[in-house]
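So this one's target_22.txt, compact mmCIF, N, CA and C atoms:
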```
# COMPACT_ATOMS: atom_id res chain seq x y z
N MET G 1 -44.24 -28.27 15.29
CA MET G 1 -45.57 -28.45 15.83
C MET G 1 -45.54 -28.40 17.35
N TRP G 2 -44.52 -29.05 17.92
CA TRP G 2 -44.41 -29.03 19.37
C TRP G 2 -44.12 -27.63 19.89
N VAL G 3 -43.42 -26.84 19.10
CA VAL G 3 -43.12 -25.47 19.52
C VAL G 3 -44.42 -24.69 19.68
N VAL G 4 -45.32 -24.83 18.72
CA VAL G 4 -46.59 -24.13 18.80
C VAL G 4 -47.38 -24.60 20.02
N PHE G 5 -47.37 -25.91 20.27
CA PHE G 5 -48.05 -26.45 21.45
C PHE G 5 -47.47 -25.87 22.74
N LEU G 6 -46.14 -25.85 22.83
CA LEU G 6 -45.50 -25.34 24.04
C LEU G 6 -45.75 -23.84 24.24
N VAL G 7 -45.72 -23.07 23.15
CA VAL G 7 -46.04 -21.64 23.26
C VAL G 7 -47.45 -21.47 23.79
N ASN G 8 -48.36 -22.27 23.29
CA ASN G 8 -49.75 -22.23 23.74
C ASN G 8 -49.85 -22.50 25.24
N GLN G 9 -49.23 -23.56 25.68
CA GLN G 9 -49.36 -23.95 27.08
C GLN G 9 -48.63 -23.02 28.03
N ILE G 10 -47.42 -22.63 27.67
CA ILE G 10 -46.62 -21.82 28.58
C ILE G 10 -47.10 -20.38 28.64
N ILE G 11 -47.25 -19.75 27.50
CA ILE G 11 -47.58 -18.33 27.49
C ILE G 11 -49.05 -18.09 27.79
N PHE G 12 -49.93 -18.70 27.03
CA PHE G 12 -51.34 -18.35 27.13
C PHE G 12 -52.00 -18.86 28.39
N MET G 13 -51.60 -20.03 28.85
CA MET G 13 -52.26 -20.61 30.00
C MET G 13 -51.65 -20.17 31.32
N SER G 14 -50.46 -19.56 31.30
CA SER G 14 -49.81 -19.21 32.57
C SER G 14 -50.22 -17.85 33.11
N PHE G 15 -50.84 -17.03 32.30
CA PHE G 15 -51.26 -15.72 32.78
C PHE G 15 -52.63 -15.83 33.44
N PRO G 16 -52.82 -15.11 34.55
CA PRO G 16 -54.05 -15.29 35.32
C PRO G 16 -55.33 -14.90 34.58
N ASP G 17 -55.28 -13.87 33.76
CA ASP G 17 -56.52 -13.47 33.10
C ASP G 17 -56.55 -13.86 31.63
N TYR G 18 -55.71 -14.80 31.26
CA TYR G 18 -55.69 -15.32 29.89
C TYR G 18 -55.66 -14.19 28.86
N PHE G 19 -54.47 -13.63 28.68
CA PHE G 19 -54.38 -12.49 27.79
C PHE G 19 -54.73 -12.85 26.35
N TYR G 20 -54.93 -14.14 26.09
CA TYR G 20 -55.41 -14.57 24.77
C TYR G 20 -56.78 -13.96 24.46
N TYR G 21 -57.56 -13.73 25.50
CA TYR G 21 -58.85 -13.06 25.31
C TYR G 21 -58.65 -11.62 24.85
N HIS G 22 -57.57 -10.99 25.29
CA HIS G 22 -57.30 -9.61 24.93
C HIS G 22 -56.60 -9.50 23.57
N LEU G 23 -55.93 -10.56 23.16
CA LEU G 23 -55.22 -10.58 21.88
C LEU G 23 -55.83 -11.64 20.97
N VAL G 24 -57.09 -11.52 20.68
CA VAL G 24 -57.80 -12.52 19.89
C VAL G 24 -57.19 -12.65 18.50
N TRP G 25 -56.68 -11.57 17.95
CA TRP G 25 -56.08 -11.58 16.62
C TRP G 25 -54.82 -12.45 16.57
N PHE G 26 -54.19 -12.73 17.72
CA PHE G 26 -52.95 -13.48 17.75
C PHE G 26 -53.16 -14.94 17.33
N ASP G 27 -54.39 -15.39 17.33
CA ASP G 27 -54.74 -16.73 16.87
C ASP G 27 -54.38 -16.92 15.40
N ILE G 28 -54.53 -15.88 14.61
CA ILE G 28 -54.29 -15.98 13.16
C ILE G 28 -52.82 -16.25 12.85
N PRO G 29 -51.87 -15.40 13.33
CA PRO G 29 -50.48 -15.71 13.01
C PRO G 29 -49.99 -17.02 13.61
N LEU G 30 -50.54 -17.42 14.76
CA LEU G 30 -50.12 -18.70 15.34
C LEU G 30 -50.52 -19.87 14.45
N HIS G 31 -51.71 -19.83 13.88
CA HIS G 31 -52.12 -20.92 13.00
C HIS G 31 -51.36 -20.87 11.68
N ILE G 32 -51.01 -19.69 11.21
CA ILE G 32 -50.20 -19.59 9.99
C ILE G 32 -48.81 -20.18 10.25
N VAL G 33 -48.21 -19.82 11.37
CA VAL G 33 -46.90 -20.37 11.72
C VAL G 33 -46.99 -21.88 11.94
N GLY G 34 -48.08 -22.33 12.52
CA GLY G 34 -48.28 -23.77 12.71
C GLY G 34 -48.36 -24.51 11.38
N GLY G 35 -49.06 -23.95 10.40
CA GLY G 35 -49.12 -24.56 9.07
C GLY G 35 -47.77 -24.57 8.39
N PHE G 36 -47.03 -23.47 8.54
CA PHE G 36 -45.68 -23.39 7.98
C PHE G 36 -44.79 -24.45 8.63
N ALA G 37 -44.87 -24.57 9.96
CA ALA G 37 -44.03 -25.54 10.68
C ALA G 37 -44.39 -26.98 10.32
N ALA G 38 -45.67 -27.26 10.14
CA ALA G 38 -46.09 -28.62 9.77
C ALA G 38 -45.56 -28.97 8.39
N SER G 39 -45.63 -28.04 7.45
CA SER G 39 -45.10 -28.30 6.11
C SER G 39 -43.60 -28.46 6.13
N TRP G 40 -42.94 -27.65 6.93
CA TRP G 40 -41.49 -27.74 7.05
C TRP G 40 -41.09 -29.10 7.63
N THR G 41 -41.82 -29.56 8.62
CA THR G 41 -41.55 -30.87 9.22
C THR G 41 -41.70 -31.98 8.19
N ALA G 42 -42.78 -31.94 7.41
CA ALA G 42 -43.00 -32.95 6.38
C ALA G 42 -41.91 -32.87 5.31
N TYR G 43 -41.51 -31.65 4.95
CA TYR G 43 -40.46 -31.46 3.95
C TYR G 43 -39.14 -32.06 4.43
N LEU G 44 -38.78 -31.81 5.69
CA LEU G 44 -37.54 -32.36 6.24
C LEU G 44 -37.58 -33.88 6.30
N PHE G 45 -38.75 -34.42 6.62
CA PHE G 45 -38.90 -35.88 6.63
C PHE G 45 -38.71 -36.45 5.23
N LEU G 46 -39.34 -35.85 4.24
CA LEU G 46 -39.20 -36.32 2.86
C LEU G 46 -37.75 -36.20 2.38
N LYS G 47 -37.10 -35.13 2.80
CA LYS G 47 -35.69 -34.95 2.43
C LYS G 47 -34.82 -36.00 3.11
N GLN G 48 -35.14 -36.33 4.36
CA GLN G 48 -34.36 -37.32 5.12
C GLN G 48 -34.46 -38.71 4.49
N ILE G 49 -35.63 -39.09 4.03
CA ILE G 49 -35.79 -40.42 3.42
C ILE G 49 -35.49 -40.40 1.93
N LYS G 50 -35.06 -39.23 1.44
CA LYS G 50 -34.67 -39.06 0.04
C LYS G 50 -35.80 -39.44 -0.93
N ALA G 51 -36.99 -38.97 -0.62
CA ALA G 51 -38.15 -39.24 -1.47
C ALA G 51 -38.07 -38.38 -2.73
N GLU G 52 -38.28 -39.00 -3.86
CA GLU G 52 -38.27 -38.30 -5.15
C GLU G 52 -39.68 -38.35 -5.75
N PHE G 53 -40.11 -37.23 -6.26
CA PHE G 53 -41.43 -37.13 -6.88
C PHE G 53 -41.23 -36.63 -8.30
N LYS G 54 -41.62 -37.45 -9.27
CA LYS G 54 -41.45 -37.04 -10.67
C LYS G 54 -42.35 -35.86 -11.03
N PRO G 55 -43.65 -35.93 -10.81
CA PRO G 55 -44.35 -34.65 -10.97
C PRO G 55 -44.11 -33.83 -9.70
N SER G 56 -43.44 -32.71 -9.84
CA SER G 56 -43.04 -31.94 -8.65
C SER G 56 -44.23 -31.43 -7.84
N TRP G 57 -45.37 -31.28 -8.47
CA TRP G 57 -46.55 -30.80 -7.75
C TRP G 57 -47.01 -31.82 -6.72
N LEU G 58 -46.63 -33.10 -6.90
CA LEU G 58 -47.04 -34.14 -5.96
C LEU G 58 -46.41 -33.91 -4.58
N LYS G 59 -45.17 -33.43 -4.58
CA LYS G 59 -44.51 -33.13 -3.30
C LYS G 59 -45.26 -32.02 -2.57
N PHE G 60 -45.67 -30.99 -3.30
CA PHE G 60 -46.40 -29.89 -2.68
C PHE G 60 -47.78 -30.33 -2.19
N ALA G 61 -48.42 -31.21 -2.95
CA ALA G 61 -49.71 -31.74 -2.52
C ALA G 61 -49.56 -32.55 -1.23
N LEU G 62 -48.46 -33.30 -1.13
CA LEU G 62 -48.22 -34.08 0.08
C LEU G 62 -47.95 -33.16 1.27
N LEU G 63 -47.19 -32.10 1.06
CA LEU G 63 -46.91 -31.16 2.15
C LEU G 63 -48.20 -30.49 2.63
N ILE G 64 -49.03 -30.08 1.70
CA ILE G 64 -50.29 -29.43 2.07
C ILE G 64 -51.23 -30.43 2.74
N GLY G 65 -51.24 -31.66 2.25
CA GLY G 65 -52.06 -32.70 2.87
C GLY G 65 -51.63 -33.00 4.29
N PHE G 66 -50.32 -33.06 4.52
CA PHE G 66 -49.83 -33.29 5.88
C PHE G 66 -50.21 -32.13 6.79
N THR G 67 -50.14 -30.92 6.27
CA THR G 67 -50.53 -29.75 7.07
C THR G 67 -52.01 -29.81 7.42
N CYS G 68 -52.84 -30.21 6.49
CA CYS G 68 -54.28 -30.35 6.78
C CYS G 68 -54.51 -31.40 7.86
N PHE G 69 -53.77 -32.51 7.79
CA PHE G 69 -53.87 -33.54 8.82
C PHE G 69 -53.47 -32.99 10.18
N ALA G 70 -52.35 -32.25 10.23
CA ALA G 70 -51.89 -31.65 11.49
C ALA G 70 -52.91 -30.66 12.02
N ALA G 71 -53.56 -29.90 11.12
CA ALA G 71 -54.57 -28.93 11.54
C ALA G 71 -55.78 -29.64 12.16
N VAL G 72 -56.17 -30.76 11.59
CA VAL G 72 -57.29 -31.52 12.16
C VAL G 72 -56.93 -32.02 13.55
N ILE G 73 -55.71 -32.54 13.71
CA ILE G 73 -55.26 -33.01 15.02
C ILE G 73 -55.27 -31.86 16.03
N TRP G 74 -54.80 -30.69 15.58
CA TRP G 74 -54.74 -29.53 16.48
C TRP G 74 -56.14 -29.09 16.89
N GLU G 75 -57.07 -29.07 15.96
CA GLU G 75 -58.44 -28.65 16.28
C GLU G 75 -59.11 -29.65 17.21
N VAL G 76 -58.81 -30.93 17.05
CA VAL G 76 -59.33 -31.94 17.98
C VAL G 76 -58.75 -31.69 19.37
N TYR G 77 -57.45 -31.36 19.43
CA TYR G 77 -56.84 -31.01 20.72
C TYR G 77 -57.57 -29.82 21.34
N GLU G 78 -57.83 -28.79 20.56
CA GLU G 78 -58.52 -27.61 21.10
C GLU G 78 -59.91 -27.99 21.61
N PHE G 79 -60.61 -28.84 20.88
CA PHE G 79 -61.94 -29.26 21.30
C PHE G 79 -61.89 -29.99 22.63
N TYR G 80 -60.99 -30.97 22.75
CA TYR G 80 -60.90 -31.72 24.01
C TYR G 80 -60.37 -30.86 25.14
N HIS G 81 -59.52 -29.90 24.83
CA HIS G 81 -59.05 -28.98 25.86
C HIS G 81 -60.23 -28.19 26.42
N ASP G 82 -61.13 -27.77 25.54
CA ASP G 82 -62.32 -27.05 25.99
C ASP G 82 -63.22 -27.92 26.86
N MET G 83 -63.29 -29.21 26.54
CA MET G 83 -64.13 -30.11 27.32
C MET G 83 -63.54 -30.36 28.70
N ILE G 84 -62.22 -30.42 28.81
CA ILE G 84 -61.57 -30.71 30.09
C ILE G 84 -61.47 -29.45 30.95
N PHE G 85 -60.94 -28.36 30.37
CA PHE G 85 -60.75 -27.11 31.09
C PHE G 85 -61.82 -26.13 30.64
N LYS G 86 -62.93 -26.15 31.26
CA LYS G 86 -64.07 -25.36 30.81
C LYS G 86 -63.91 -23.86 31.03
N GLU G 87 -62.93 -23.44 31.81
CA GLU G 87 -62.79 -22.01 32.08
C GLU G 87 -62.10 -21.26 30.94
N PHE G 88 -61.45 -21.97 30.05
CA PHE G 88 -60.75 -21.33 28.93
C PHE G 88 -61.22 -21.98 27.65
N VAL G 89 -61.87 -21.22 26.81
CA VAL G 89 -62.49 -21.79 25.61
C VAL G 89 -61.74 -21.33 24.38
N TYR G 90 -61.22 -22.29 23.61
CA TYR G 90 -60.57 -22.00 22.33
C TYR G 90 -61.60 -21.82 21.22
N GLN G 91 -62.51 -22.78 21.14
CA GLN G 91 -63.40 -22.86 19.99
C GLN G 91 -64.54 -21.86 20.11
N ALA G 92 -64.62 -21.00 19.12
CA ALA G 92 -65.73 -20.06 19.07
C ALA G 92 -66.81 -20.57 18.12
N GLY G 93 -66.67 -21.78 17.65
CA GLY G 93 -67.65 -22.36 16.77
C GLY G 93 -67.03 -22.88 15.48
N ALA G 94 -67.90 -23.32 14.59
CA ALA G 94 -67.44 -23.90 13.32
C ALA G 94 -66.71 -22.87 12.46
N LEU G 95 -67.15 -21.63 12.50
CA LEU G 95 -66.49 -20.60 11.69
C LEU G 95 -65.05 -20.38 12.16
N ASP G 96 -64.83 -20.39 13.46
CA ASP G 96 -63.47 -20.26 14.00
C ASP G 96 -62.61 -21.44 13.57
N THR G 97 -63.17 -22.64 13.61
CA THR G 97 -62.42 -23.83 13.21
C THR G 97 -62.04 -23.75 11.74
N MET G 98 -62.96 -23.34 10.89
CA MET G 98 -62.67 -23.23 9.45
C MET G 98 -61.64 -22.13 9.19
N ALA G 99 -61.71 -21.04 9.94
CA ALA G 99 -60.71 -19.98 9.79
C ALA G 99 -59.34 -20.49 10.22
N ASP G 100 -59.29 -21.29 11.28
CA ASP G 100 -58.03 -21.87 11.72
C ASP G 100 -57.45 -22.80 10.65
N PHE G 101 -58.30 -23.60 10.02
CA PHE G 101 -57.84 -24.46 8.92
C PHE G 101 -57.29 -23.61 7.77
N ALA G 102 -58.00 -22.56 7.43
CA ALA G 102 -57.56 -21.69 6.33
C ALA G 102 -56.23 -21.02 6.67
N ASP G 103 -56.05 -20.61 7.92
CA ASP G 103 -54.79 -19.99 8.32
C ASP G 103 -53.64 -20.99 8.24
N GLY G 104 -53.87 -22.21 8.67
CA GLY G 104 -52.85 -23.25 8.54
C GLY G 104 -52.51 -23.53 7.09
N LEU G 105 -53.53 -23.52 6.25
CA LEU G 105 -53.31 -23.74 4.82
C LEU G 105 -52.51 -22.60 4.20
N ILE G 106 -52.75 -21.39 4.65
CA ILE G 106 -51.96 -20.24 4.18
C ILE G 106 -50.49 -20.44 4.53
N GLY G 107 -50.21 -20.90 5.75
CA GLY G 107 -48.83 -21.17 6.15
C GLY G 107 -48.19 -22.24 5.29
N ALA G 108 -48.95 -23.30 4.98
CA ALA G 108 -48.42 -24.38 4.13
C ALA G 108 -48.14 -23.87 2.72
N ILE G 109 -49.04 -23.06 2.19
CA ILE G 109 -48.84 -22.52 0.84
C ILE G 109 -47.64 -21.59 0.81
N LEU G 110 -47.47 -20.78 1.85
CA LEU G 110 -46.28 -19.91 1.91
C LEU G 110 -45.00 -20.74 1.93
N PHE G 111 -44.99 -21.83 2.69
CA PHE G 111 -43.81 -22.69 2.72
C PHE G 111 -43.56 -23.30 1.34
N CYS G 112 -44.62 -23.81 0.70
CA CYS G 112 -44.47 -24.44 -0.62
C CYS G 112 -43.98 -23.44 -1.66
N VAL G 113 -44.48 -22.22 -1.60
CA VAL G 113 -44.00 -21.18 -2.53
C VAL G 113 -42.52 -20.91 -2.28
N GLY G 114 -42.12 -20.87 -1.01
CA GLY G 114 -40.71 -20.67 -0.69
C GLY G 114 -39.83 -21.79 -1.21
N VAL G 115 -40.27 -23.04 -1.06
CA VAL G 115 -39.51 -24.18 -1.57
C VAL G 115 -39.44 -24.11 -3.09
N TRP G 116 -40.55 -23.81 -3.73
CA TRP G 116 -40.58 -23.70 -5.19
C TRP G 116 -39.65 -22.59 -5.66
N TRP G 117 -39.71 -21.45 -4.99
CA TRP G 117 -38.90 -20.30 -5.37
C TRP G 117 -37.41 -20.62 -5.25
N LYS G 118 -37.05 -21.27 -4.14
CA LYS G 118 -35.66 -21.64 -3.93
C LYS G 118 -35.20 -22.64 -4.99
N GLY G 119 -36.02 -23.61 -5.30
CA GLY G 119 -35.68 -24.61 -6.32
C GLY G 119 -35.59 -24.02 -7.70
N ARG G 120 -36.42 -23.03 -7.98
CA ARG G 120 -36.44 -22.41 -9.31
C ARG G 120 -35.14 -21.66 -9.58
N PHE G 121 -34.58 -21.06 -8.55
CA PHE G 121 -33.38 -20.25 -8.72
C PHE G 121 -32.15 -20.91 -8.10
N ALA G 122 -32.19 -22.23 -7.87
CA ALA G 122 -31.08 -22.92 -7.21
C ALA G 122 -29.80 -22.90 -8.04
N SER G 123 -29.91 -22.79 -9.35
CA SER G 123 -28.71 -22.81 -10.18
C SER G 123 -27.97 -21.47 -10.16
N LEU G 124 -28.58 -20.45 -9.64
CA LEU G 124 -27.90 -19.15 -9.56
C LEU G 124 -26.87 -19.16 -8.44
N PRO G 125 -25.75 -18.48 -8.63
CA PRO G 125 -24.66 -18.57 -7.64
C PRO G 125 -25.00 -17.98 -6.28
N PHE G 126 -25.94 -17.04 -6.18
CA PHE G 126 -26.23 -16.42 -4.89
C PHE G 126 -27.26 -17.18 -4.07
N VAL G 127 -27.82 -18.27 -4.60
CA VAL G 127 -28.76 -19.10 -3.87
C VAL G 127 -28.01 -20.34 -3.38
N LYS G 128 -27.95 -20.52 -2.08
CA LYS G 128 -27.19 -21.64 -1.52
C LYS G 128 -28.12 -22.81 -1.22
N GLY G 129 -27.60 -23.99 -1.30
CA GLY G 129 -28.30 -25.20 -0.83
C GLY G 129 -29.20 -25.83 -1.84
N GLY G 130 -29.50 -25.22 -2.96
CA GLY G 130 -30.29 -25.79 -4.04
C GLY G 130 -31.38 -26.60 -3.62
```
Go ahead and render the structure in this file as structure tokens.
Amino acid sequence: MWVVFLVNQIIFMSFPDYFYYHLVWFDIPLHIVGGFAASWTAYLFLKQIKAEFKPSWLKFALLIGFTCFAAVIWEVYEFYHDMIFKEFVYQAGALDTMADFADGLIGAILFCVGVWWKGRFASLPFVKGG
């Protein structure tokens, strides 16, 4: 999550004409990567505390829920950033915010599918780390 924040601050804010205006589409992959990173962070935390979930879907629901929470925090950050620095506007309205949430959710779902896929085939010899 911090990586996405730092990329935002260093790259997008350091150029004089805010090339983010010229690469509006770049918002989509950044939010997808942010959702993926938030789910990965939650997954590593759950793995660190050795959390076990008997219905396996509960772990995925928790990962997606954490990603939604992170997305809300990020959108609040974007809103307050717009209020403080009025020359650079992130929010294009409610539709943009909902699209950002959907992109983050796509990243979380991609991560969950990857975890499920790896777990499904963990017993095969060519899949490492189970």
### Message
What's the separation between atom N of Phe66 in chain G and atom N of Ala42 in chain G, in Å to one decimal place?
### Response
8.2 Å
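Interatomic distance, CA of Glu78 in chain G to atom C of Thr97 in chain G: 10.7 Å.
Atom to atom, atom N of Gly104 in chain G and atom C of Trp116 in chain G stand 20.2 Å apart.
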## Note on the structure
Between G:Ala108, G:Leu58, G:Ala71, G:Ala102, smallest distance to Ala37 in chain G by only N, CA and C atoms belongs to G:Ala108
### Residue neighbourhood Val33 in chain G, 8 Å, all atoms listed in the file, exclusion window fewer than 5 positions, as a ChimeraX atom specification
/G:1,4,27-28,38-39,103-104,106-108
